>>> print(open('input02.cif').read())   # mmCIF, C-alpha atoms
data_my_file
#
loop_
_atom_site.label_atom_id
_atom_site.label_comp_id
_atom_site.auth_asym_id
_atom_site.auth_seq_id
_atom_site.Cartn_x
_atom_site.Cartn_y
_atom_site.Cartn_z
CA MET A 15 43.05 -31.40 -22.07
CA SER A 16 40.13 -33.65 -21.22
CA ARG A 17 37.33 -32.42 -18.98
CA LEU A 18 38.42 -35.01 -16.45
CA PHE A 19 41.71 -33.23 -15.91
CA GLU A 20 40.48 -29.65 -15.87
CA PRO A 21 40.76 -27.87 -12.51
CA ILE A 22 37.67 -26.84 -10.58
CA THR A 23 37.41 -23.99 -8.09
CA LEU A 24 35.02 -24.05 -5.14
CA ARG A 25 35.24 -20.91 -2.99
CA SER A 26 38.93 -20.47 -2.09
CA LEU A 27 39.87 -24.03 -3.08
CA THR A 28 41.11 -24.93 -6.55
CA VAL A 29 41.36 -28.68 -7.15
CA LYS A 30 43.73 -29.76 -9.90
CA ASN A 31 41.32 -32.19 -11.57
CA ARG A 32 37.82 -33.61 -11.39
CA VAL A 33 38.75 -37.19 -10.50
CA TRP A 34 37.98 -37.48 -6.79
CA LEU A 35 38.08 -40.28 -4.25
CA PRO A 36 34.81 -40.84 -2.38
CA PRO A 37 34.72 -41.70 1.32
CA MET A 38 35.04 -45.44 1.87
CA CYS A 39 35.00 -46.85 5.41
CA GLN A 40 38.14 -48.81 6.24
CA TYR A 41 37.03 -50.02 9.71
CA SER A 42 40.66 -49.85 10.79
CA CYS A 43 40.73 -47.96 14.09
CA PHE A 44 41.38 -51.22 15.88
CA ALA A 45 41.97 -49.56 19.24
CA GLY A 46 38.33 -48.48 19.20
CA ASP A 47 39.25 -44.87 19.90
CA GLY A 48 38.36 -43.32 16.52
CA VAL A 49 41.96 -42.22 15.95
CA PRO A 50 43.17 -42.72 12.36
CA THR A 51 46.30 -44.84 12.01
CA ASP A 52 49.10 -45.65 9.60
CA TRP A 53 46.55 -47.57 7.55
CA HIS A 54 44.70 -44.34 6.80
CA LEU A 55 47.94 -42.53 6.00
CA VAL A 56 48.97 -45.19 3.49
CA HIS A 57 45.47 -45.75 2.05
CA LEU A 58 44.84 -42.07 1.36
CA GLY A 59 48.46 -41.23 0.68
CA ALA A 60 48.68 -43.82 -2.08
CA ARG A 61 45.67 -42.35 -3.87
CA ALA A 62 47.09 -38.85 -3.52
CA GLN A 63 50.26 -40.14 -5.19
CA GLY A 64 48.05 -41.83 -7.79
CA GLY A 65 46.71 -38.52 -9.07
CA PHE A 66 43.30 -37.98 -7.48
CA GLY A 67 42.59 -34.27 -7.29
CA LEU A 68 40.60 -34.42 -4.06
CA LEU A 69 40.17 -37.24 -1.58
CA ILE A 70 37.24 -37.43 0.83
CA ALA A 71 38.40 -39.22 3.96
CA GLU A 72 36.00 -41.82 5.24
CA ALA A 73 32.91 -41.26 7.38
CA SER A 74 34.18 -39.94 10.70
CA ALA A 75 31.73 -39.99 13.55
CA VAL A 76 30.92 -36.73 15.28
CA THR A 77 30.02 -38.60 18.49
CA PRO A 78 31.06 -42.01 19.86
CA ASP A 79 27.52 -43.39 19.46
CA GLY A 80 27.52 -42.11 15.88
CA ARG A 81 29.96 -44.81 14.77
CA ILE A 82 28.83 -47.63 12.52
CA SER A 83 31.26 -49.96 14.27
CA PRO A 84 33.83 -49.70 17.09
CA ASN A 85 36.54 -49.56 14.39
CA ASP A 86 35.26 -46.35 12.77
CA CYS A 87 37.23 -43.11 12.57
CA GLY A 88 36.05 -40.18 14.64
CA ILE A 89 36.30 -36.43 14.83
CA TRP A 90 34.72 -35.89 18.25
CA ASN A 91 37.97 -35.04 20.07
CA ASP A 92 41.24 -33.21 19.53
CA GLU A 93 43.38 -36.36 19.56
CA GLN A 94 41.56 -37.55 16.45
CA ALA A 95 41.98 -34.19 14.75
CA GLU A 96 45.70 -34.19 15.48
CA ALA A 97 46.08 -37.68 14.00
CA TRP A 98 44.16 -36.63 10.90
CA SER A 99 46.50 -33.67 10.44
CA ARG A 100 49.37 -36.05 9.64
CA VAL A 101 47.31 -37.58 6.82
CA VAL A 102 46.28 -34.14 5.59
CA ASP A 103 49.87 -32.92 5.47
CA PHE A 104 51.01 -35.86 3.35
CA VAL A 105 48.12 -35.50 0.92
CA HIS A 106 48.94 -31.82 0.51
CA SER A 107 52.58 -32.72 -0.18
CA GLN A 108 51.31 -34.64 -3.23
CA ASP A 109 49.53 -31.58 -4.66
CA ALA A 110 46.12 -33.03 -3.77
CA ALA A 111 43.28 -31.66 -1.70
CA ILE A 112 41.45 -33.54 1.03
CA ALA A 113 38.02 -33.30 2.66
CA LEU A 114 36.60 -35.08 5.69
CA GLN A 115 33.15 -36.67 5.72
CA LEU A 116 31.30 -35.82 8.93
CA ALA A 117 28.94 -38.62 9.88
CA HIS A 118 26.51 -40.08 12.37
CA ALA A 119 25.37 -43.67 11.81
CA GLY A 120 21.98 -43.24 13.49
CA ARG A 121 19.92 -46.42 13.54
CA LYS A 122 22.66 -48.36 11.69
CA ALA A 123 25.15 -47.90 14.54
CA SER A 124 26.73 -50.47 16.86
CA THR A 125 27.39 -53.16 14.27
CA HIS A 126 30.38 -55.33 13.48
CA PRO A 127 32.85 -54.01 10.89
CA ASN A 128 31.92 -54.97 7.34
CA PHE A 129 34.80 -57.36 6.77
CA TYR A 130 34.54 -60.45 4.57
CA GLY A 131 34.37 -63.58 6.70
CA GLY A 132 33.92 -61.66 9.93
CA PRO A 133 30.92 -61.47 12.24
CA LYS A 134 27.88 -59.58 11.00
CA GLY A 135 25.05 -57.66 12.54
CA VAL A 136 24.51 -55.97 15.87
CA ILE A 137 27.03 -55.71 18.69
CA PRO A 138 24.88 -55.98 21.83
CA VAL A 139 25.32 -53.43 24.61
CA GLU A 140 26.55 -56.15 26.97
CA GLU A 141 29.33 -56.94 24.47
CA GLY A 142 30.54 -53.37 24.07
CA GLY A 143 27.86 -52.02 21.76
CA TRP A 144 25.51 -49.12 22.35
CA THR A 145 21.91 -48.10 21.76
CA PRO A 146 21.49 -46.46 18.34
CA LEU A 147 19.51 -43.27 17.77
CA GLY A 148 16.93 -42.56 15.10
CA PRO A 149 14.19 -40.13 14.14
CA SER A 150 11.67 -42.78 15.18
CA ALA A 151 11.86 -46.08 17.04
CA LEU A 152 11.91 -48.01 13.75
CA PRO A 153 14.85 -50.40 13.33
CA TYR A 154 16.71 -51.05 10.12
CA PRO A 155 15.84 -54.69 9.34
CA GLU A 156 17.86 -57.13 11.47
CA LEU A 157 19.57 -54.33 13.39
CA ALA A 158 18.89 -53.00 16.89
CA GLN A 159 15.84 -50.91 17.65
CA PRO A 160 16.89 -47.27 17.93
CA ARG A 161 15.81 -44.86 20.60
CA GLN A 162 13.66 -42.08 19.15
CA MET A 163 15.59 -38.86 19.50
CA THR A 164 14.31 -36.06 21.65
CA LYS A 165 14.68 -32.44 20.60
CA ASP A 166 17.59 -32.17 23.05
CA ASP A 167 19.23 -35.14 21.30
CA ILE A 168 18.75 -33.41 17.96
CA ALA A 169 20.29 -30.18 19.24
CA GLU A 170 23.28 -32.13 20.57
CA VAL A 171 23.82 -33.81 17.19
CA VAL A 172 23.71 -30.46 15.37
CA ALA A 173 26.30 -29.12 17.82
CA ALA A 174 28.43 -32.24 17.35
CA PHE A 175 28.49 -31.82 13.57
CA ALA A 176 29.54 -28.21 14.06
CA ALA A 177 32.30 -29.18 16.49
CA GLY A 178 33.50 -31.90 14.11
CA ALA A 179 33.68 -29.36 11.30
CA ARG A 180 35.69 -27.01 13.49
CA ARG A 181 38.15 -29.79 14.32
CA ALA A 182 38.40 -30.78 10.65
CA ALA A 183 39.32 -27.21 9.78
CA SER A 184 41.91 -27.13 12.57
CA ALA A 185 43.45 -30.35 11.19
CA GLY A 186 43.96 -28.64 7.84
CA PHE A 187 41.25 -30.28 5.76
CA ASP A 188 40.37 -28.29 2.66
CA ALA A 189 36.63 -29.07 2.79
CA VAL A 190 34.07 -31.06 4.74
CA GLU A 191 31.24 -33.27 3.56
CA ILE A 192 28.04 -33.80 5.55
CA HIS A 193 26.90 -37.42 5.24
CA ALA A 194 23.14 -37.44 4.58
CA ALA A 195 23.03 -40.68 2.58
CA HIS A 196 23.00 -44.48 2.88
CA GLY A 197 20.48 -44.80 5.68
CA TYR A 198 22.58 -43.14 8.33
CA LEU A 199 21.15 -40.58 10.73
CA LEU A 200 20.53 -37.58 8.47
CA HIS A 201 19.18 -39.72 5.62
CA SER A 202 16.85 -41.51 8.02
CA PHE A 203 15.36 -38.12 8.93
CA LEU A 204 14.86 -37.30 5.22
CA SER A 205 12.88 -40.45 4.46
CA PRO A 206 9.23 -41.05 5.40
CA LEU A 207 10.12 -44.76 5.47
CA SER A 208 12.18 -44.22 8.63
CA ASN A 209 10.87 -40.90 9.95
CA THR A 210 7.31 -41.02 11.31
CA ARG A 211 7.66 -38.07 13.68
CA ASP A 212 4.74 -35.67 14.10
CA ASP A 213 6.78 -32.68 15.26
CA GLU A 214 8.74 -30.09 13.25
CA TYR A 215 11.39 -32.71 12.34
CA GLY A 216 8.95 -35.03 10.59
CA GLY A 217 5.92 -35.07 8.38
CA ASP A 218 6.21 -33.04 5.21
CA PHE A 219 9.30 -32.24 3.13
CA GLU A 220 10.10 -29.15 5.16
CA GLY A 221 10.01 -31.08 8.42
CA ARG A 222 11.99 -34.09 7.20
CA THR A 223 14.72 -31.89 5.71
CA ARG A 224 14.95 -29.58 8.72
CA LEU A 225 17.77 -31.48 10.46
CA VAL A 226 19.97 -31.57 7.34
CA ARG A 227 19.43 -27.86 6.80
CA GLU A 228 20.23 -27.09 10.45
CA VAL A 229 23.39 -29.20 10.30
CA TYR A 230 24.50 -27.46 7.12
CA ALA A 231 23.94 -24.02 8.70
CA ALA A 232 25.83 -25.00 11.85
CA VAL A 233 28.75 -26.43 9.89
CA ARG A 234 28.94 -23.39 7.63
CA ALA A 235 28.99 -21.11 10.67
CA GLN A 236 31.99 -23.01 12.05
CA VAL A 237 34.13 -23.24 8.89
CA GLY A 238 33.46 -19.74 7.55
CA GLU A 239 33.03 -18.51 4.02
CA ASP A 240 36.29 -19.77 2.50
CA MET A 241 35.99 -23.53 3.10
CA PRO A 242 33.79 -25.57 0.75
CA VAL A 243 31.03 -27.67 2.30
CA PHE A 244 29.58 -30.67 0.46
CA VAL A 245 26.49 -32.74 1.25
CA ARG A 246 26.14 -36.38 0.25
CA VAL A 247 22.59 -37.58 -0.44
CA SER A 248 20.90 -40.80 -1.46
CA ALA A 249 18.73 -39.59 -4.33
CA THR A 250 16.50 -42.66 -4.31
CA GLU A 251 15.71 -45.47 -1.91
CA TRP A 252 15.27 -48.03 -4.76
CA ALA A 253 12.31 -49.24 -2.70
CA ALA A 254 10.34 -52.12 -4.16
CA GLU A 255 7.47 -51.05 -6.41
CA ASP A 256 4.87 -52.61 -4.13
CA TRP A 257 5.81 -50.29 -1.25
CA GLU A 258 3.06 -47.81 -0.53
CA ASP A 259 5.62 -45.00 -0.24
CA GLN A 260 8.80 -44.85 -2.33
CA GLY A 261 10.54 -42.79 0.33
CA PHE A 262 13.05 -40.05 -0.38
CA ASP A 263 13.24 -39.82 -4.17
CA VAL A 264 15.17 -37.90 -6.80
CA GLU A 265 12.58 -35.13 -7.03
CA GLN A 266 12.93 -34.46 -3.30
CA ALA A 267 16.72 -34.79 -3.54
CA ALA A 268 16.74 -32.16 -6.28
CA GLU A 269 14.53 -29.85 -4.22
CA LEU A 270 16.82 -30.26 -1.21
CA ALA A 271 19.87 -29.64 -3.41
CA ALA A 272 18.34 -26.40 -4.66
CA LEU A 273 17.67 -25.24 -1.09
CA LEU A 274 21.17 -26.12 0.09
CA THR A 275 22.77 -24.51 -2.96
CA ALA A 276 20.84 -21.32 -2.28
CA GLU A 277 22.30 -21.38 1.24
CA GLY A 278 25.83 -21.71 -0.17
CA CYS A 279 26.43 -25.46 -0.28
CA ASP A 280 29.28 -26.03 -2.72
CA LEU A 281 28.63 -29.55 -4.03
CA ILE A 282 25.95 -32.23 -3.82
CA ASP A 283 27.55 -35.68 -3.85
CA VAL A 284 24.80 -37.85 -5.35
CA SER A 285 24.58 -41.49 -4.31
CA SER A 286 21.57 -43.73 -3.57
CA SER A 287 19.98 -46.36 -1.30
CA GLY A 288 20.97 -47.66 2.12
CA ASN A 289 17.92 -46.78 4.19
CA VAL A 290 15.69 -49.80 3.49
CA PRO A 291 16.24 -53.16 1.78
CA ALA A 292 16.25 -52.38 -1.93
CA ARG A 293 16.29 -53.80 -5.43
CA ILE A 294 19.14 -51.85 -6.95
CA PRO A 295 19.66 -52.01 -10.74
CA VAL A 296 23.43 -52.12 -10.42
CA GLY A 297 25.33 -51.56 -13.66
CA PRO A 298 27.96 -49.26 -15.16
CA GLY A 299 27.20 -45.68 -14.17
CA TYR A 300 23.83 -46.67 -12.70
CA GLN A 301 23.67 -43.63 -10.38
CA VAL A 302 24.80 -41.03 -12.92
CA PRO A 303 21.24 -40.18 -14.10
CA LEU A 304 20.40 -39.25 -10.51
CA ALA A 305 23.28 -36.78 -10.44
CA GLY A 306 22.09 -35.46 -13.78
CA GLU A 307 18.62 -34.71 -12.42
CA VAL A 308 20.07 -32.96 -9.38
CA ALA A 309 22.42 -30.98 -11.66
CA GLN A 310 19.42 -29.54 -13.50
CA THR A 311 18.68 -27.44 -10.39
CA GLY A 312 21.95 -25.59 -10.91
CA ALA A 313 23.72 -27.41 -8.09
CA THR A 314 27.35 -28.40 -8.54
CA THR A 315 27.25 -32.18 -8.43
CA GLY A 316 29.43 -35.25 -8.04
CA ALA A 317 28.57 -38.58 -9.65
CA VAL A 318 29.42 -42.04 -8.30
CA GLY A 319 28.52 -45.64 -9.02
CA LEU A 320 30.51 -48.18 -11.05
CA LEU A 321 32.55 -45.62 -12.92
CA THR A 322 35.50 -47.73 -13.97
CA HIS A 323 37.05 -46.37 -17.19
CA GLY A 324 38.45 -43.01 -18.18
CA ALA A 325 36.26 -42.58 -21.25
CA GLN A 326 33.14 -43.42 -19.23
CA ALA A 327 34.04 -40.88 -16.55
CA GLU A 328 34.89 -38.26 -19.18
CA GLN A 329 31.46 -38.69 -20.77
CA VAL A 330 29.73 -37.98 -17.45
CA LEU A 331 31.37 -34.56 -17.42
CA VAL A 332 30.91 -33.85 -21.11
CA THR A 333 27.16 -34.49 -20.92
CA GLY A 334 26.82 -32.22 -17.89
CA ASP A 335 25.47 -34.93 -15.60
CA ALA A 336 28.08 -33.95 -13.02
CA ASP A 337 30.92 -31.53 -12.40
CA VAL A 338 33.21 -34.13 -10.79
CA VAL A 339 33.35 -37.93 -10.74
CA LEU A 340 34.17 -39.98 -7.68
CA ILE A 341 35.94 -43.29 -8.29
CA GLY A 342 35.46 -45.71 -5.40
CA ARG A 343 35.83 -49.44 -5.78
CA ALA A 344 37.96 -49.11 -8.89
CA ALA A 345 40.32 -46.97 -6.80
CA LEU A 346 40.60 -49.73 -4.21
CA ARG A 347 41.88 -51.98 -6.99
CA ASP A 348 44.06 -49.31 -8.59
CA PRO A 349 45.36 -46.42 -6.45
CA ALA A 350 46.75 -44.81 -9.63
CA TRP A 351 43.43 -44.87 -11.51
CA PRO A 352 43.76 -41.22 -12.66
CA GLN A 353 47.15 -41.92 -14.23
CA ARG A 354 45.74 -44.83 -16.23
CA ALA A 355 42.70 -42.76 -17.22
CA ALA A 356 44.94 -39.96 -18.47
CA PHE A 357 46.78 -42.41 -20.72
CA ASP A 358 43.53 -43.95 -21.99
CA LEU A 359 42.28 -40.46 -22.88
CA GLY A 360 45.41 -39.70 -24.87
CA MET A 361 47.06 -37.29 -22.45
CA ASP A 362 50.83 -36.94 -22.69
CA TRP A 363 52.47 -38.49 -19.63
CA ARG A 364 54.25 -35.20 -18.89
CA GLU A 365 50.85 -33.58 -18.32
CA ALA A 366 49.36 -36.47 -16.36
CA PRO A 367 49.21 -36.44 -12.53
CA TYR A 368 52.42 -38.32 -11.65
CA PRO A 369 54.72 -37.58 -8.72
CA GLN A 370 58.29 -37.10 -9.89
CA GLN A 371 59.32 -40.35 -8.24
CA TYR A 372 56.96 -42.35 -10.50
CA THR A 373 57.48 -40.76 -13.91
CA ARG A 374 59.86 -43.55 -14.96
CA GLY A 375 56.89 -45.89 -14.76
CA ALA A 376 54.44 -43.61 -16.54
CA PHE A 377 52.03 -45.08 -19.07
CA ARG A 378 53.44 -44.23 -22.50
CA ALA A 379 52.49 -45.08 -26.05
CA THR A 380 55.56 -47.30 -26.32
CA HIS A 381 54.45 -49.55 -23.44
#
>>> encode(input="input02.cif", output="structure tokens")
Amino acid sequence: MSRLFEPITLRSLTVKNRVWLPPMCQYSCFAGDGVPTDWHLVHLGARAQGGFGLLIAEASAVTPDGRISPNDCGIWNDEQAEAWSRVVDFVHSQDAAIALQLAHAGRKASTHPNFYGGPKGVIPVEEGGWTPLGPSALPYPELAQPRQMTKDDIAEVVAAFAAGARRAASAGFDAVEIHAAHGYLLHSFLSPLSNTRDDEYGGDFEGRTRLVREVYAAVRAQVGEDMPVFVRVSATEWAAEDWEDQGFDVEQAAELAALLTAEGCDLIDVSSSGNVPARIPVGPGYQVPLAGEVAQTGATTGAVGLLTHGAQAEQVLVTGDADVVLIGRAALRDPAWPQRAAFDLGMDWREAPYPQQYTRGAFRATH
């Protein structure tokens, strides 16, 4: 048995393997109501059939103005939760677990869906957009200027994350992930490049991390002690070297991970960038070392970033850089990525994660 296909237990949840699907926005709620559709059922259902142990459903906004685009999924009302429950039930029928990523887009809200060939940039208020929120009135380059959040706004967002977590639990999700990465609201509070507040939610490390810690506490209070809670972080901004401040870096990410782990956070999902224009050294496994540094704090970690082959993913686990790997873009190309990885690692097809209906097409040495 390879490390990749060993089970992992987090609180009351045992996941059958360590090959997970990260949240990837599909921008496919075309009615603009945040309600997941057949697209989400088929997209996630296919990867559950393909052998992923746990799937993290895409960023789902906890408030309407927390959407990246009008086509984003939501979890701010019961209709959305009920629609998600259909997806959850099918994933469970394939012996897979599923989590929901709770999100607020912050200053990167009210933009067109990120579709190739489609319109880009801001959707103005007069065309159906909305005013984004941020820790400070500093816009992401070429996007709309956000309104600096008041303390009442902050309290409402914390409550919205908690309510979204409660709805996710009611829909049957096995876990929730708090999105504090990629320049969205919680990440923008973490970074001094976007957070210039002079109150208790800005300034030093304690102030800039306060909102994330409050959101985690509120979510934990809603889901109880049995449900795992993950937090996704960007462990570096990849800011240009000539910037006076490098922003939220891996040392701060590790310190935050240690604090959250001490409070009971079950996994730190380690990504990077998204808050400022960056020079990213993209290459195979380029974000794995960040997960490795966070793992040194004792946090359970997930690694992402151009992990494309079974042997490569296996090595991440063997070296201890992460406890699980999350396969994103490769999974868009190949919904059955875990089945192929099992074959490449020499696993007998009878032990690989196939549904019964697909065993006739299993990868075998005779193929």
>>> closest_residue(input="input02.cif", among="A:Ala113, A:Val76, A:Ala97, A:Leu270", to="Phe175 in chain A", atoms="all atoms listed in the file")
A:Val76
>>> residues_around(input="input02.cif", residues="Asp79 in chain A", least_positions_apart="3", cutoff="12 Å", atoms="all atoms listed in the file", output="PyMOL selection string")
chain A and resi 46-48+74-76+82-84+86-88+90+117-125+139+142-148+160-161+167+171+174+199
>>> residues_around(input="input02.cif", residues="Ile282 in chain A", least_positions_apart="3", cutoff="7 Å", atoms="only C-alpha atoms", output="list in words")
Phe244, Val245, Arg246, Ala271, Ala313, Thr314, Thr315 and Gly316 of chain A
>>> residues_around(input="input02.cif", residues="Met361 in chain A", least_positions_apart="3", cutoff="10 Å", atoms="only C-alpha atoms", output="MDAnalysis selection string")
chainID A and resid 15:16 19 353:358 364:366 377:378
>>> atom_distance(input="input02.cif", atom1="CA of Asn91 in chain A", atom2="CA of Pro50 in chain A")
12.1 Å
